[in-house]
file data10.cif (mmCIF, C-alpha atoms)
data_work
#
loop_
_atom_site.group_PDB
_atom_site.id
_atom_site.type_symbol
_atom_site.label_atom_id
_atom_site.label_comp_id
_atom_site.auth_asym_id
_atom_site.auth_seq_id
_atom_site.Cartn_x
_atom_site.Cartn_y
_atom_site.Cartn_z
ATOM 1 C CA MET A 1 -29.082 -21.121 75.042
ATOM 2 C CA GLY A 2 -31.523 -19.511 72.644
ATOM 3 C CA THR A 3 -32.433 -15.915 71.960
ATOM 4 C CA THR A 4 -35.873 -14.450 72.505
ATOM 5 C CA ARG A 5 -37.943 -12.455 70.026
ATOM 6 C CA CYS A 6 -37.478 -9.237 72.005
ATOM 7 C CA GLN A 7 -33.701 -9.733 72.108
ATOM 8 C CA ILE A 8 -33.418 -10.186 68.334
ATOM 9 C CA ILE A 9 -35.545 -7.116 67.620
ATOM 10 C CA THR A 10 -33.497 -5.110 70.125
ATOM 11 C CA PHE A 11 -30.264 -6.240 68.410
ATOM 12 C CA LEU A 12 -31.623 -5.036 65.064
ATOM 13 C CA TRP A 13 -32.796 -1.720 66.515
ATOM 14 C CA ARG A 14 -29.389 -1.077 68.062
ATOM 15 C CA LEU A 15 -27.629 -2.108 64.852
ATOM 16 C CA ALA A 16 -29.763 0.454 62.996
ATOM 17 C CA GLY A 17 -28.517 3.136 65.412
ATOM 18 C CA TYR A 18 -31.482 3.371 67.800
ATOM 19 C CA PRO A 19 -33.763 5.071 65.246
ATOM 20 C CA GLU A 20 -36.700 7.148 66.395
ATOM 21 C CA PHE A 21 -40.079 5.451 66.722
ATOM 22 C CA ASN A 22 -43.677 6.433 67.251
ATOM 23 C CA LYS A 23 -44.449 5.754 70.929
ATOM 24 C CA ASP A 24 -48.172 5.602 70.167
ATOM 25 C CA ILE A 25 -47.734 2.622 67.857
ATOM 26 C CA LEU A 26 -46.953 0.130 70.628
ATOM 27 C CA ILE A 27 -50.101 -1.983 70.297
ATOM 28 C CA PHE A 28 -49.022 -5.287 71.773
ATOM 29 C CA GLU A 29 -50.707 -6.174 75.060
ATOM 30 C CA ASP A 30 -47.746 -8.280 76.197
ATOM 31 C CA VAL A 31 -45.135 -5.513 75.768
ATOM 32 C CA SER A 32 -44.813 -3.168 78.726
ATOM 33 C CA VAL A 33 -44.034 0.440 77.812
ATOM 34 C CA ASP A 34 -41.404 0.345 80.593
ATOM 35 C CA SER A 35 -39.529 -2.642 79.179
ATOM 36 C CA TYR A 36 -36.064 -2.218 77.685
ATOM 37 C CA TYR A 37 -37.338 -3.546 74.364
ATOM 38 C CA ALA A 38 -40.559 -1.512 73.981
ATOM 39 C CA GLY A 39 -38.949 1.085 71.707
ATOM 40 C CA ALA A 40 -37.310 -1.572 69.573
ATOM 41 C CA ILE A 41 -40.578 -3.436 69.086
ATOM 42 C CA ALA A 42 -42.510 -0.243 68.310
ATOM 43 C CA TRP A 43 -39.849 0.683 65.726
ATOM 44 C CA ALA A 44 -39.875 -2.790 64.178
ATOM 45 C CA TYR A 45 -43.666 -2.856 63.932
ATOM 46 C CA GLU A 46 -43.853 0.671 62.539
ATOM 47 C CA ASN A 47 -41.298 -0.202 59.858
ATOM 48 C CA GLY A 48 -42.726 -3.548 58.761
ATOM 49 C CA ILE A 49 -40.027 -5.724 60.296
ATOM 50 C CA THR A 50 -42.539 -7.652 62.402
ATOM 51 C CA ASN A 51 -46.283 -8.012 62.755
ATOM 52 C CA GLY A 52 -46.164 -9.774 66.087
ATOM 53 C CA THR A 53 -47.476 -13.256 66.786
ATOM 54 C CA SER A 54 -51.097 -12.116 66.654
ATOM 55 C CA LYS A 55 -53.001 -8.877 66.211
ATOM 56 C CA ASN A 56 -52.466 -7.918 69.876
ATOM 57 C CA THR A 57 -49.396 -9.891 70.970
ATOM 58 C CA PHE A 58 -45.693 -9.969 70.238
ATOM 59 C CA SER A 59 -44.602 -12.844 72.529
ATOM 60 C CA PRO A 60 -41.382 -11.089 73.598
ATOM 61 C CA ASP A 61 -40.078 -13.940 75.757
ATOM 62 C CA LYS A 62 -40.748 -16.683 73.204
ATOM 63 C CA PRO A 63 -37.570 -18.283 71.862
ATOM 64 C CA CYS A 64 -36.879 -16.898 68.399
ATOM 65 C CA SER A 65 -36.710 -19.539 65.694
ATOM 66 C CA ARG A 66 -34.221 -19.414 62.842
ATOM 67 C CA ALA A 67 -37.107 -18.753 60.469
ATOM 68 C CA GLU A 68 -38.202 -15.734 62.511
ATOM 69 C CA ILE A 69 -34.657 -14.370 62.619
ATOM 70 C CA ILE A 70 -34.337 -14.703 58.848
ATOM 71 C CA THR A 71 -37.725 -13.014 58.399
ATOM 72 C CA PHE A 72 -36.711 -10.096 60.637
ATOM 73 C CA LEU A 73 -33.400 -9.712 58.779
ATOM 74 C CA TYR A 74 -35.089 -9.912 55.389
ATOM 75 C CA ASN A 75 -37.739 -7.339 56.343
ATOM 76 C CA ALA A 76 -35.087 -5.016 57.757
ATOM 77 C CA LYS A 77 -33.031 -5.349 54.583
ATOM 78 C CA MET A 78 -36.065 -4.674 52.389
ATOM 79 C CA ASN A 79 -36.648 -1.482 54.361
ATOM 80 C CA ASN A 80 -33.002 -0.462 53.763
ATOM 81 C CA PHE A 81 -32.001 -0.376 57.424
ATOM 82 C CA TYR A 82 -28.832 -2.399 56.874
ATOM 83 C CA LYS A 83 -26.316 -3.172 54.212
ATOM 84 C CA ILE A 84 -26.520 -6.932 54.748
#
call {"tool": "encode", "arguments": {"input": "data10.cif", "output": "structure tokens"}}
result
Amino acid sequence: MGTTRCQIITFLWRLAGYPEFNKDILIFEDVSVDSYYAGAIAWAYENGITNGTSKNTFSPDKPCSRAEIITFLYNAKMNNFYKI
């Protein structure tokens, strides 16, 4: 069974210690502010870990490819969130 994009971003957010995020930055039309992953996605976008799948979408339920996972990890490392 695969992992979705929202799950991977949530894993990273939790690994970083649930850092604060700007609630006003949640710009993706397909991410509900009430979802368990909204904060994680807002944090990841705000910190350059992800741009989404388009200007207005994140595709939270899309299976996450290995390439996307590596990109998220690389971007998180470049922003010094983890000692990977």
call {"tool": "closest_residue", "arguments": {"input": "data10.cif", "among": "A:Met1, A:Thr10, A:Glu20, A:Glu29", "to": "Ile69 (chain A)", "atoms": "all atoms listed in the file"}}
result
A:Thr10
call {"tool": "closest_residue", "arguments": {"input": "data10.cif", "among": "A:Cys64, A:Leu73, A:Ile41, A:Ile49", "to": "Phe28 (chain A)", "atoms": "all atoms listed in the file"}}
result
A:Ile41
call {"tool": "closest_residue", "arguments": {"input": "data10.cif", "among": "A:Arg5, A:Lys23, A:Arg14, A:Lys77", "to": "Lys62 (chain A)", "atoms": "only C-alpha atoms"}}
result
A:Arg5
call {"tool": "atom_distance", "arguments": {"input": "data10.cif", "atom1": "CA of Glu68 (chain A)", "atom2": "CA of Val33 (chain A)"}}
result
23.0 Å
call {"tool": "atom_distance", "arguments": {"input": "data10.cif", "atom1": "CA of Asp30 (chain A)", "atom2": "CA of Lys55 (chain A)"}}
result
11.3 Å
call {"tool": "closest_residue", "arguments": {"input": "data10.cif", "among": "A:Ala67, A:Ala76, A:Cys6, A:Ala38", "to": "Asn22 (chain A)", "atoms": "all atoms listed in the file"}}
result
A:Ala38
call {"tool": "closest_residue", "arguments": {"input": "data10.cif", "among": "A:Ile70, A:Ile25, A:Met78, A:Gly52", "to": "Gly39 (chain A)", "atoms": "only C-alpha atoms"}}
result
A:Ile25
call {"tool": "atom_distance", "arguments": {"input": "data10.cif", "atom1": "CA of Arg66 (chain A)", "atom2": "CA of Ala42 (chain A)"}}
result
21.6 Å
call {"tool": "resolve_selection", "arguments": {"input": "data10.cif", "expression": "the PyMOL selection byres ((chain A and resi 63) around 9)", "output": "PyMOL selection string"}}
result
chain A and resi 2-5+59-62+64-65
call {"tool": "residues_around", "arguments": {"input": "data10.cif", "residues": "Ala40 (chain A)", "least_positions_apart": "2", "cutoff": "9 Å", "atoms": "only C-alpha atoms", "output": "JSON, numbers by chain"}}
result
{"A": [6, 9, 10, 11, 12, 13, 14, 18, 19, 21, 36, 37, 38, 42, 43, 44, 45]}
call {"tool": "closest_residue", "arguments": {"input": "data10.cif", "among": "A:Thr53, A:Asn80, A:Glu46, A:Phe58", "to": "Asp24 (chain A)", "atoms": "only C-alpha atoms"}}
result
A:Glu46
call {"tool": "build_atoms", "arguments": {"input": "data10.cif", "residues": "region 23-49 of chain A", "atoms": "N, CA, C and O atoms", "output": "PDB file, in the coordinates of the input"}}
result
ATOM      1  N   LYS A  23     -44.089   6.375  69.652  1.00  0.00           N
ATOM      2  CA  LYS A  23     -44.449   5.754  70.929  1.00  0.00           C
ATOM      3  C   LYS A  23     -45.911   5.317  70.975  1.00  0.00           C
ATOM      4  O   LYS A  23     -46.272   4.425  71.713  1.00  0.00           O
ATOM      5  N   ASP A  24     -46.752   5.933  70.168  1.00  0.00           N
ATOM      6  CA  ASP A  24     -48.172   5.602  70.167  1.00  0.00           C
ATOM      7  C   ASP A  24     -48.477   4.328  69.388  1.00  0.00           C
ATOM      8  O   ASP A  24     -49.596   3.842  69.416  1.00  0.00           O
ATOM      9  N   ILE A  25     -47.491   3.792  68.700  1.00  0.00           N
ATOM     10  CA  ILE A  25     -47.734   2.622  67.857  1.00  0.00           C
ATOM     11  C   ILE A  25     -47.591   1.310  68.620  1.00  0.00           C
ATOM     12  O   ILE A  25     -47.903   0.258  68.097  1.00  0.00           O
ATOM     13  N   LEU A  26     -47.142   1.353  69.847  1.00  0.00           N
ATOM     14  CA  LEU A  26     -46.953   0.130  70.628  1.00  0.00           C
ATOM     15  C   LEU A  26     -48.323  -0.458  70.964  1.00  0.00           C
ATOM     16  O   LEU A  26     -48.996  -0.012  71.883  1.00  0.00           O
ATOM     17  N   ILE A  27     -48.748  -1.447  70.188  1.00  0.00           N
ATOM     18  CA  ILE A  27     -50.101  -1.983  70.297  1.00  0.00           C
ATOM     19  C   ILE A  27     -50.160  -3.347  70.964  1.00  0.00           C
ATOM     20  O   ILE A  27     -51.238  -3.870  71.188  1.00  0.00           O
ATOM     21  N   PHE A  28     -49.029  -3.928  71.260  1.00  0.00           N
ATOM     22  CA  PHE A  28     -49.022  -5.287  71.773  1.00  0.00           C
ATOM     23  C   PHE A  28     -49.295  -5.312  73.274  1.00  0.00           C
ATOM     24  O   PHE A  28     -48.611  -4.654  74.053  1.00  0.00           O
ATOM     25  N   GLU A  29     -50.289  -6.095  73.657  1.00  0.00           N
ATOM     26  CA  GLU A  29     -50.707  -6.174  75.060  1.00  0.00           C
ATOM     27  C   GLU A  29     -49.643  -6.793  75.959  1.00  0.00           C
ATOM     28  O   GLU A  29     -49.626  -6.521  77.156  1.00  0.00           O
ATOM     29  N   ASP A  30     -48.758  -7.597  75.387  1.00  0.00           N
ATOM     30  CA  ASP A  30     -47.746  -8.280  76.197  1.00  0.00           C
ATOM     31  C   ASP A  30     -46.393  -7.570  76.197  1.00  0.00           C
ATOM     32  O   ASP A  30     -45.391  -8.136  76.620  1.00  0.00           O
ATOM     33  N   VAL A  31     -46.364  -6.317  75.748  1.00  0.00           N
ATOM     34  CA  VAL A  31     -45.135  -5.513  75.768  1.00  0.00           C
ATOM     35  C   VAL A  31     -45.366  -4.302  76.661  1.00  0.00           C
ATOM     36  O   VAL A  31     -46.135  -3.409  76.321  1.00  0.00           O
ATOM     37  N   SER A  32     -44.693  -4.281  77.790  1.00  0.00           N
ATOM     38  CA  SER A  32     -44.813  -3.168  78.726  1.00  0.00           C
ATOM     39  C   SER A  32     -44.077  -1.951  78.184  1.00  0.00           C
ATOM     40  O   SER A  32     -42.964  -2.070  77.667  1.00  0.00           O
ATOM     41  N   VAL A  33     -44.683  -0.785  78.299  1.00  0.00           N
ATOM     42  CA  VAL A  33     -44.034   0.440  77.812  1.00  0.00           C
ATOM     43  C   VAL A  33     -42.762   0.742  78.595  1.00  0.00           C
ATOM     44  O   VAL A  33     -41.915   1.501  78.125  1.00  0.00           O
ATOM     45  N   ASP A  34     -42.596   0.137  79.766  1.00  0.00           N
ATOM     46  CA  ASP A  34     -41.404   0.345  80.593  1.00  0.00           C
ATOM     47  C   ASP A  34     -40.289  -0.658  80.307  1.00  0.00           C
ATOM     48  O   ASP A  34     -39.209  -0.556  80.881  1.00  0.00           O
ATOM     49  N   SER A  35     -40.533  -1.614  79.439  1.00  0.00           N
ATOM     50  CA  SER A  35     -39.529  -2.642  79.179  1.00  0.00           C
ATOM     51  C   SER A  35     -38.394  -2.085  78.322  1.00  0.00           C
ATOM     52  O   SER A  35     -38.575  -1.121  77.575  1.00  0.00           O
ATOM     53  N   TYR A  36     -37.232  -2.697  78.437  1.00  0.00           N
ATOM     54  CA  TYR A  36     -36.064  -2.218  77.685  1.00  0.00           C
ATOM     55  C   TYR A  36     -36.254  -2.384  76.176  1.00  0.00           C
ATOM     56  O   TYR A  36     -35.591  -1.719  75.392  1.00  0.00           O
ATOM     57  N   TYR A  37     -37.145  -3.256  75.778  1.00  0.00           N
ATOM     58  CA  TYR A  37     -37.338  -3.546  74.364  1.00  0.00           C
ATOM     59  C   TYR A  37     -38.568  -2.885  73.748  1.00  0.00           C
ATOM     60  O   TYR A  37     -38.823  -3.052  72.553  1.00  0.00           O
ATOM     61  N   ALA A  38     -39.324  -2.125  74.503  1.00  0.00           N
ATOM     62  CA  ALA A  38     -40.559  -1.512  73.981  1.00  0.00           C
ATOM     63  C   ALA A  38     -40.289  -0.629  72.764  1.00  0.00           C
ATOM     64  O   ALA A  38     -41.004  -0.709  71.763  1.00  0.00           O
ATOM     65  N   GLY A  39     -39.284   0.211  72.832  1.00  0.00           N
ATOM     66  CA  GLY A  39     -38.949   1.085  71.707  1.00  0.00           C
ATOM     67  C   GLY A  39     -38.537   0.302  70.477  1.00  0.00           C
ATOM     68  O   GLY A  39     -38.922   0.633  69.350  1.00  0.00           O
ATOM     69  N   ALA A  40     -37.762  -0.749  70.687  1.00  0.00           N
ATOM     70  CA  ALA A  40     -37.310  -1.572  69.573  1.00  0.00           C
ATOM     71  C   ALA A  40     -38.489  -2.250  68.883  1.00  0.00           C
ATOM     72  O   ALA A  40     -38.565  -2.286  67.646  1.00  0.00           O
ATOM     73  N   ILE A  41     -39.423  -2.754  69.666  1.00  0.00           N
ATOM     74  CA  ILE A  41     -40.578  -3.436  69.086  1.00  0.00           C
ATOM     75  C   ILE A  41     -41.491  -2.443  68.378  1.00  0.00           C
ATOM     76  O   ILE A  41     -41.996  -2.719  67.285  1.00  0.00           O
ATOM     77  N   ALA A  42     -41.689  -1.273  68.968  1.00  0.00           N
ATOM     78  CA  ALA A  42     -42.510  -0.243  68.310  1.00  0.00           C
ATOM     79  C   ALA A  42     -41.880   0.150  66.977  1.00  0.00           C
ATOM     80  O   ALA A  42     -42.565   0.258  65.957  1.00  0.00           O
ATOM     81  N   TRP A  43     -40.571   0.341  66.957  1.00  0.00           N
ATOM     82  CA  TRP A  43     -39.849   0.683  65.726  1.00  0.00           C
ATOM     83  C   TRP A  43     -39.988  -0.427  64.689  1.00  0.00           C
ATOM     84  O   TRP A  43     -40.267  -0.160  63.514  1.00  0.00           O
ATOM     85  N   ALA A  44     -39.805  -1.665  65.107  1.00  0.00           N
ATOM     86  CA  ALA A  44     -39.875  -2.790  64.178  1.00  0.00           C
ATOM     87  C   ALA A  44     -41.284  -2.945  63.597  1.00  0.00           C
ATOM     88  O   ALA A  44     -41.442  -3.201  62.403  1.00  0.00           O
ATOM     89  N   TYR A  45     -42.283  -2.763  64.418  1.00  0.00           N
ATOM     90  CA  TYR A  45     -43.666  -2.856  63.932  1.00  0.00           C
ATOM     91  C   TYR A  45     -43.974  -1.711  62.966  1.00  0.00           C
ATOM     92  O   TYR A  45     -44.518  -1.928  61.885  1.00  0.00           O
ATOM     93  N   GLU A  46     -43.597  -0.513  63.354  1.00  0.00           N
ATOM     94  CA  GLU A  46     -43.853   0.671  62.539  1.00  0.00           C
ATOM     95  C   GLU A  46     -43.195   0.570  61.159  1.00  0.00           C
ATOM     96  O   GLU A  46     -43.723   1.075  60.165  1.00  0.00           O
ATOM     97  N   ASN A  47     -42.060  -0.118  61.096  1.00  0.00           N
ATOM     98  CA  ASN A  47     -41.298  -0.202  59.858  1.00  0.00           C
ATOM     99  C   ASN A  47     -41.447  -1.528  59.119  1.00  0.00           C
ATOM    100  O   ASN A  47     -40.667  -1.826  58.209  1.00  0.00           O
ATOM    101  N   GLY A  48     -42.429  -2.327  59.492  1.00  0.00           N
ATOM    102  CA  GLY A  48     -42.726  -3.548  58.761  1.00  0.00           C
ATOM    103  C   GLY A  48     -41.750  -4.689  58.961  1.00  0.00           C
ATOM    104  O   GLY A  48     -41.703  -5.612  58.152  1.00  0.00           O
ATOM    105  N   ILE A  49     -40.979  -4.651  60.022  1.00  0.00           N
ATOM    106  CA  ILE A  49     -40.027  -5.724  60.296  1.00  0.00           C
ATOM    107  C   ILE A  49     -40.721  -6.897  60.974  1.00  0.00           C
ATOM    108  O   ILE A  49     -40.361  -8.045  60.782  1.00  0.00           O
TER     109      ILE A  49
END
